[in-house]
Amino acid sequence: GMESAWRDTEDMFLETASKVYADIETMKSRLPAEIASLLRVQVGSELPAATLAIVDTAFANCTNALDSLLPPLADAIATTIGNTCCEGLQPLRGILATYRMTNKPPPTQHSRFVTNILKPYKTFMTSHGQHLSKEATHVLTMKVSECVSQKYYAMAKDLLDSVKKAEDVLKRLSLGKGVDTRQGGSSSDTDKISLQLFLDVRKFGSEIEHFDVKLAEIPAYSKLWLFIKEEAESRMGAPTRPTQEIASTSVSAETALN
């Protein structure tokens, strides 16, 4: 169908774009030196030094022009992959259904969907990563992570805002017994959702780190992590969720961003 055709077109673009990116990198690193060496070996004795210098400058300018194509090309590749990765965030909305008025116990591990969020990027790197330099891989990882983290933040904030608004309405209507954060020593729906988001975002950070980047270098992830971390920590007072429960979940993500 149309979706399959679109995916095929997307894959074709990513394959072509990654090869073009790699070719430009190769030309950038080899062309000036190889041309300069070739000229001097073949006709160097017949040309004055000033002429050789002009030729060197001309090829350097060409290389700079090619180099200017790399940032927009990287943006196009990262945006394409990032948008596909963002589709993997859709199950986040299911967290609301899982804990909203269901009396489920607080979560103890991350949601299953989190390890699949960056799967499209992993697939891209497996298929086309061998064409790219370490520097290019780092740039793409940063850009894809930034793109997905921005979307993650927006969705997580919307989710928490909607839950809090619903909870406030119930309280104002004096119907809050089942959702009161402290009644009977139990966690509220918002407590549980906040903790689930904490566990998920923490795991998402470790998934990013698999690509050998530092989380503190990704502004959107830093914003996402600190927002969720503060939200969860503000709710640690529930008797069923002592301080050590949250503390035990902290890993390199927290270390990197503190």
# chains A, B, ... in the order shown; residues from 1 in each chain; ligands from 1

call {"tool": "residues_around", "arguments": {"residues": "A:Ile228", "least_positions_apart": "4", "cutoff": "12 Å", "atoms": "only C-alpha atoms", "output": "tab-separated table (two decimals) with N, CA, C and O atoms, in the first residue's frame"}}
result
chain	number	residue	atom	x	y	z
A	152	TYR	N	9.32	13.42	22.84
A	152	TYR	CA	9.09	12.68	24.09
A	152	TYR	C	8.67	13.66	25.18
A	152	TYR	O	7.70	13.42	25.93
A	153	TYR	N	9.37	14.77	25.29
A	153	TYR	CA	9.05	15.77	26.31
A	153	TYR	C	7.63	16.30	26.12
A	153	TYR	O	6.86	16.40	27.09
A	154	ALA	N	7.31	16.66	24.89
A	154	ALA	CA	5.97	17.22	24.62
A	154	ALA	C	4.88	16.22	24.98
A	154	ALA	O	3.86	16.59	25.60
A	155	MET	N	5.06	14.97	24.62
A	155	MET	CA	4.05	13.95	24.90
A	155	MET	C	3.94	13.64	26.39
A	155	MET	O	2.84	13.49	26.94
A	156	ALA	N	5.08	13.57	27.07
A	156	ALA	CA	5.08	13.28	28.51
A	156	ALA	C	4.43	14.42	29.28
A	156	ALA	O	3.65	14.19	30.21
A	157	LYS	N	4.72	15.65	28.89
A	157	LYS	CA	4.14	16.81	29.56
A	157	LYS	C	2.63	16.85	29.35
A	157	LYS	O	1.86	17.11	30.28
A	159	LEU	N	0.70	14.35	28.77
A	159	LEU	CA	0.11	13.24	29.52
A	159	LEU	C	-0.05	13.61	31.00
A	159	LEU	O	-1.13	13.44	31.58
A	160	LEU	N	0.99	14.14	31.60
A	160	LEU	CA	0.92	14.52	33.01
A	160	LEU	C	-0.07	15.66	33.24
A	160	LEU	O	-0.82	15.66	34.23
A	191	ASP	N	0.91	9.70	40.70
A	191	ASP	CA	2.16	9.16	41.26
A	191	ASP	C	2.69	8.03	40.39
A	191	ASP	O	3.87	7.97	40.04
A	193	ILE	N	1.94	7.15	37.29
A	193	ILE	CA	2.30	7.57	35.93
A	193	ILE	C	3.64	8.31	35.94
A	193	ILE	O	4.48	8.11	35.06
A	194	SER	N	3.84	9.15	36.94
A	194	SER	CA	5.11	9.87	37.05
A	194	SER	C	6.27	8.90	37.22
A	194	SER	O	7.34	9.07	36.61
A	195	LEU	N	6.07	7.89	38.06
A	195	LEU	CA	7.14	6.90	38.27
A	195	LEU	C	7.40	6.09	37.01
A	195	LEU	O	8.54	5.80	36.66
A	196	GLN	N	6.31	5.74	36.28
A	196	GLN	CA	6.50	4.99	35.04
A	196	GLN	C	7.28	5.81	34.02
A	196	GLN	O	8.19	5.30	33.35
A	197	LEU	N	6.96	7.09	33.92
A	197	LEU	CA	7.68	7.97	33.01
A	197	LEU	C	9.14	8.09	33.42
A	197	LEU	O	10.05	8.12	32.58
A	198	PHE	N	9.39	8.15	34.72
A	198	PHE	CA	10.77	8.21	35.23
A	198	PHE	C	11.56	6.98	34.79
A	198	PHE	O	12.67	7.10	34.26
A	199	LEU	N	10.98	5.82	35.01
A	199	LEU	CA	11.67	4.58	34.63
A	199	LEU	C	11.89	4.50	33.12
A	199	LEU	O	12.93	4.04	32.65
A	200	ASP	N	10.89	4.97	32.36
A	200	ASP	CA	10.98	4.91	30.90
A	200	ASP	C	12.04	5.87	30.35
A	200	ASP	O	12.84	5.51	29.48
A	201	VAL	N	12.02	7.11	30.84
A	201	VAL	CA	12.97	8.11	30.34
A	201	VAL	C	14.39	7.74	30.73
A	201	VAL	O	15.33	7.95	29.96
A	202	ARG	N	14.54	7.18	31.93
A	202	ARG	CA	15.86	6.70	32.35
A	202	ARG	C	16.37	5.62	31.40
A	202	ARG	O	17.52	5.63	30.97
A	221	TYR	N	17.20	16.05	25.67
A	221	TYR	CA	17.13	14.95	26.63
A	221	TYR	C	17.35	15.48	28.05
A	221	TYR	O	16.69	15.03	28.99
A	222	SER	N	18.27	16.42	28.21
A	222	SER	CA	18.51	17.02	29.52
A	222	SER	C	17.22	17.63	30.07
A	222	SER	O	16.87	17.45	31.23
A	223	LYS	N	16.51	18.34	29.20
A	223	LYS	CA	15.24	18.96	29.60
A	223	LYS	C	14.21	17.90	29.96
A	223	LYS	O	13.52	18.01	30.99
A	224	LEU	N	14.10	16.87	29.15
A	224	LEU	CA	13.15	15.78	29.41
A	224	LEU	C	13.47	15.09	30.72
A	224	LEU	O	12.58	14.87	31.56
A	232	ALA	N	8.89	13.09	39.48
A	232	ALA	CA	8.86	11.85	40.26
A	232	ALA	C	9.33	12.08	41.69
A	232	ALA	O	8.73	11.58	42.65
A	233	GLU	N	10.40	12.84	41.83
A	233	GLU	CA	10.96	13.07	43.16
A	233	GLU	C	10.01	13.88	44.04
A	233	GLU	O	10.00	13.72	45.26
A	234	SER	N	9.20	14.74	43.43
A	234	SER	CA	8.25	15.54	44.21
A	234	SER	C	7.14	14.67	44.79
A	234	SER	O	6.40	15.11	45.67
A	235	ARG	N	7.04	13.42	44.31
A	235	ARG	CA	5.98	12.52	44.75
A	235	ARG	C	6.51	11.33	45.54
A	235	ARG	O	5.81	10.35	45.72
A	246	ILE	N	13.10	5.28	44.47
A	246	ILE	CA	13.49	6.15	43.36
A	246	ILE	C	15.01	6.20	43.26
A	246	ILE	O	15.57	6.09	42.18
A	254	GLU	N	21.35	10.24	35.35
A	254	GLU	CA	21.31	11.24	36.41
A	254	GLU	C	22.69	11.80	36.68
A	254	GLU	O	22.89	12.99	36.85

call {"tool": "closest_atom_pairs", "arguments": {"of": "stretch 98-161 of chain A", "to": "stretch 61-81 of chain A", "cutoff": "10 Å", "atoms": "only C-alpha atoms", "output": "tab-separated table"}}
result
residue	atom	partner	partner_atom	distance
A:Leu118	CA	A:Ile81	CA	9.0
A:Lys119	CA	A:Ile81	CA	9.8
A:Pro120	CA	A:Ile81	CA	6.5
A:Tyr121	CA	A:Ile81	CA	6.2
A:Lys122	CA	A:Ile81	CA	9.9
A:Thr123	CA	A:Ile81	CA	9.9
A:Phe124	CA	A:Ile81	CA	8.0
A:Ala136	CA	A:Ala74	CA	8.1
A:Thr137	CA	A:Ala74	CA	9.7
A:Val139	CA	A:Ala74	CA	7.6
A:Leu140	CA	A:Ala78	CA	5.8
A:Thr141	CA	A:Ala78	CA	7.9
A:Met142	CA	A:Ala78	CA	8.9
A:Lys143	CA	A:Ala78	CA	5.9
A:Val144	CA	A:Ala78	CA	5.2
A:Ser145	CA	A:Ala78	CA	8.9
A:Glu146	CA	A:Ala78	CA	9.5
A:Cys147	CA	A:Thr79	CA	7.2
A:Val148	CA	A:Thr79	CA	9.5

call {"tool": "closest_residue", "arguments": {"among": "A:Thr57, A:Arg40, A:His128, A:Lys151", "to": "A:Phe13", "atoms": "only C-alpha atoms"}}
result
A:His128

call {"tool": "atom_distance", "arguments": {"atom1": "atom CA of A:His138", "atom2": "atom CA of A:Cys86"}}
result
19.4 Å

call {"tool": "atom_distance", "arguments": {"atom1": "atom CA of A:Pro91", "atom2": "atom CA of A:Arg112"}}
result
9.3 Å

call {"tool": "select_by_dssp", "arguments": {"residues": "stretch 21-254 of chain A", "states": "alpha helix (DSSP H)", "output": "number ranges by chain"}}
result
A: 21-42, 49-67, 70-87, 94-99, 119-128, 134-172, 189-209, 219-233, 243-247, 252-254

call {"tool": "closest_residue", "arguments": {"among": "A:Ser133, A:Ala97, A:Ser149, A:Met125", "to": "A:Thr26", "atoms": "only C-alpha atoms"}}
result
A:Ser133

call {"tool": "atom_distance", "arguments": {"atom1": "atom CA of A:Leu92", "atom2": "atom CA of A:Glu209"}}
result
20.9 Å

call {"tool": "closest_residue", "arguments": {"among": "A:Lys203, A:Thr190, A:Lys229, A:Leu52", "to": "A:His110", "atoms": "only C-alpha atoms"}}
result
A:Lys203

call {"tool": "decode", "arguments": {"residues": "stretch 84-105 of chain A", "atoms": "N, CA, C and O atoms", "output": "PDB file, in the first residue's frame"}}
result
ATOM      1  N   THR A  84      10.603   8.802  12.113  1.00  0.00           N
ATOM      2  CA  THR A  84      10.215   7.392  12.197  1.00  0.00           C
ATOM      3  C   THR A  84      10.355   6.887  13.633  1.00  0.00           C
ATOM      4  O   THR A  84       9.482   6.156  14.134  1.00  0.00           O
ATOM      5  N   CYS A  85      11.421   7.292  14.309  1.00  0.00           N
ATOM      6  CA  CYS A  85      11.602   6.900  15.713  1.00  0.00           C
ATOM      7  C   CYS A  85      10.469   7.452  16.583  1.00  0.00           C
ATOM      8  O   CYS A  85      10.011   6.769  17.516  1.00  0.00           O
ATOM      9  N   CYS A  86      10.025   8.665  16.284  1.00  0.00           N
ATOM     10  CA  CYS A  86       8.955   9.286  17.080  1.00  0.00           C
ATOM     11  C   CYS A  86       7.655   8.495  17.009  1.00  0.00           C
ATOM     12  O   CYS A  86       6.831   8.551  17.938  1.00  0.00           O
ATOM     13  N   GLU A  87       7.462   7.763  15.919  1.00  0.00           N
ATOM     14  CA  GLU A  87       6.271   6.914  15.829  1.00  0.00           C
ATOM     15  C   GLU A  87       6.288   5.854  16.926  1.00  0.00           C
ATOM     16  O   GLU A  87       5.247   5.387  17.372  1.00  0.00           O
ATOM     17  N   GLY A  88       7.489   5.493  17.373  1.00  0.00           N
ATOM     18  CA  GLY A  88       7.623   4.513  18.440  1.00  0.00           C
ATOM     19  C   GLY A  88       7.239   5.044  19.809  1.00  0.00           C
ATOM     20  O   GLY A  88       7.206   4.280  20.787  1.00  0.00           O
ATOM     21  N   LEU A  89       6.943   6.349  19.893  1.00  0.00           N
ATOM     22  CA  LEU A  89       6.506   6.944  21.157  1.00  0.00           C
ATOM     23  C   LEU A  89       4.998   6.835  21.368  1.00  0.00           C
ATOM     24  O   LEU A  89       4.508   7.131  22.460  1.00  0.00           O
ATOM     25  N   GLN A  90       4.268   6.409  20.350  1.00  0.00           N
ATOM     26  CA  GLN A  90       2.804   6.371  20.459  1.00  0.00           C
ATOM     27  C   GLN A  90       2.304   5.534  21.644  1.00  0.00           C
ATOM     28  O   GLN A  90       1.317   5.903  22.303  1.00  0.00           O
ATOM     29  N   PRO A  91       2.952   4.385  21.970  1.00  0.00           N
ATOM     30  CA  PRO A  91       2.471   3.599  23.120  1.00  0.00           C
ATOM     31  C   PRO A  91       2.555   4.341  24.448  1.00  0.00           C
ATOM     32  O   PRO A  91       1.962   3.890  25.437  1.00  0.00           O
ATOM     33  N   LEU A  92       3.260   5.469  24.488  1.00  0.00           N
ATOM     34  CA  LEU A  92       3.349   6.247  25.724  1.00  0.00           C
ATOM     35  C   LEU A  92       1.957   6.627  26.223  1.00  0.00           C
ATOM     36  O   LEU A  92       1.701   6.668  27.436  1.00  0.00           O
ATOM     37  N   ARG A  93       1.058   6.880  25.286  1.00  0.00           N
ATOM     38  CA  ARG A  93      -0.305   7.260  25.676  1.00  0.00           C
ATOM     39  C   ARG A  93      -1.014   6.127  26.416  1.00  0.00           C
ATOM     40  O   ARG A  93      -1.956   6.361  27.167  1.00  0.00           O
ATOM     41  N   GLY A  94      -0.552   4.904  26.190  1.00  0.00           N
ATOM     42  CA  GLY A  94      -1.162   3.762  26.863  1.00  0.00           C
ATOM     43  C   GLY A  94      -0.892   3.727  28.356  1.00  0.00           C
ATOM     44  O   GLY A  94      -1.575   3.015  29.103  1.00  0.00           O
ATOM     45  N   ILE A  95       0.108   4.493  28.814  1.00  0.00           N
ATOM     46  CA  ILE A  95       0.408   4.546  30.249  1.00  0.00           C
ATOM     47  C   ILE A  95      -0.802   5.084  31.010  1.00  0.00           C
ATOM     48  O   ILE A  95      -1.105   4.644  32.125  1.00  0.00           O
ATOM     49  N   LEU A  96      -1.516   6.010  30.392  1.00  0.00           N
ATOM     50  CA  LEU A  96      -2.709   6.575  31.028  1.00  0.00           C
ATOM     51  C   LEU A  96      -3.754   5.493  31.279  1.00  0.00           C
ATOM     52  O   LEU A  96      -4.302   5.379  32.378  1.00  0.00           O
ATOM     53  N   ALA A  97      -4.015   4.673  30.263  1.00  0.00           N
ATOM     54  CA  ALA A  97      -5.009   3.605  30.407  1.00  0.00           C
ATOM     55  C   ALA A  97      -4.565   2.549  31.416  1.00  0.00           C
ATOM     56  O   ALA A  97      -5.394   1.930  32.096  1.00  0.00           O
ATOM     57  N   THR A  98      -3.248   2.354  31.514  1.00  0.00           N
ATOM     58  CA  THR A  98      -2.726   1.334  32.424  1.00  0.00           C
ATOM     59  C   THR A  98      -2.983   1.683  33.886  1.00  0.00           C
ATOM     60  O   THR A  98      -3.333   0.816  34.694  1.00  0.00           O
ATOM     61  N   TYR A  99      -2.850   2.971  34.232  1.00  0.00           N
ATOM     62  CA  TYR A  99      -2.919   3.357  35.646  1.00  0.00           C
ATOM     63  C   TYR A  99      -4.133   4.212  36.022  1.00  0.00           C
ATOM     64  O   TYR A  99      -4.401   4.391  37.201  1.00  0.00           O
ATOM     65  N   ARG A 100      -4.860   4.719  35.040  1.00  0.00           N
ATOM     66  CA  ARG A 100      -5.994   5.594  35.359  1.00  0.00           C
ATOM     67  C   ARG A 100      -7.138   4.793  35.960  1.00  0.00           C
ATOM     68  O   ARG A 100      -7.787   4.005  35.287  1.00  0.00           O
ATOM     69  N   MET A 101      -7.344   4.951  37.274  1.00  0.00           N
ATOM     70  CA  MET A 101      -8.457   4.320  37.980  1.00  0.00           C
ATOM     71  C   MET A 101      -8.472   2.805  37.814  1.00  0.00           C
ATOM     72  O   MET A 101      -9.527   2.187  37.648  1.00  0.00           O
ATOM     73  N   THR A 102      -7.307   2.183  37.835  1.00  0.00           N
ATOM     74  CA  THR A 102      -7.238   0.720  37.684  1.00  0.00           C
ATOM     75  C   THR A 102      -6.757   0.023  38.950  1.00  0.00           C
ATOM     76  O   THR A 102      -6.777  -1.202  39.027  1.00  0.00           O
ATOM     77  N   ASN A 103      -6.297   0.797  39.927  1.00  0.00           N
ATOM     78  CA  ASN A 103      -5.766   0.236  41.182  1.00  0.00           C
ATOM     79  C   ASN A 103      -4.562  -0.685  40.971  1.00  0.00           C
ATOM     80  O   ASN A 103      -4.283  -1.552  41.800  1.00  0.00           O
ATOM     81  N   LYS A 104      -3.890  -0.513  39.858  1.00  0.00           N
ATOM     82  CA  LYS A 104      -2.660  -1.290  39.642  1.00  0.00           C
ATOM     83  C   LYS A 104      -1.573  -0.798  40.595  1.00  0.00           C
ATOM     84  O   LYS A 104      -1.537   0.379  40.939  1.00  0.00           O
ATOM     85  N   PRO A 105      -0.664  -1.674  41.017  1.00  0.00           N
ATOM     86  CA  PRO A 105       0.429  -1.239  41.902  1.00  0.00           C
ATOM     87  C   PRO A 105       1.402  -0.351  41.136  1.00  0.00           C
ATOM     88  O   PRO A 105       1.434  -0.361  39.907  1.00  0.00           O
TER      89      PRO A 105
END
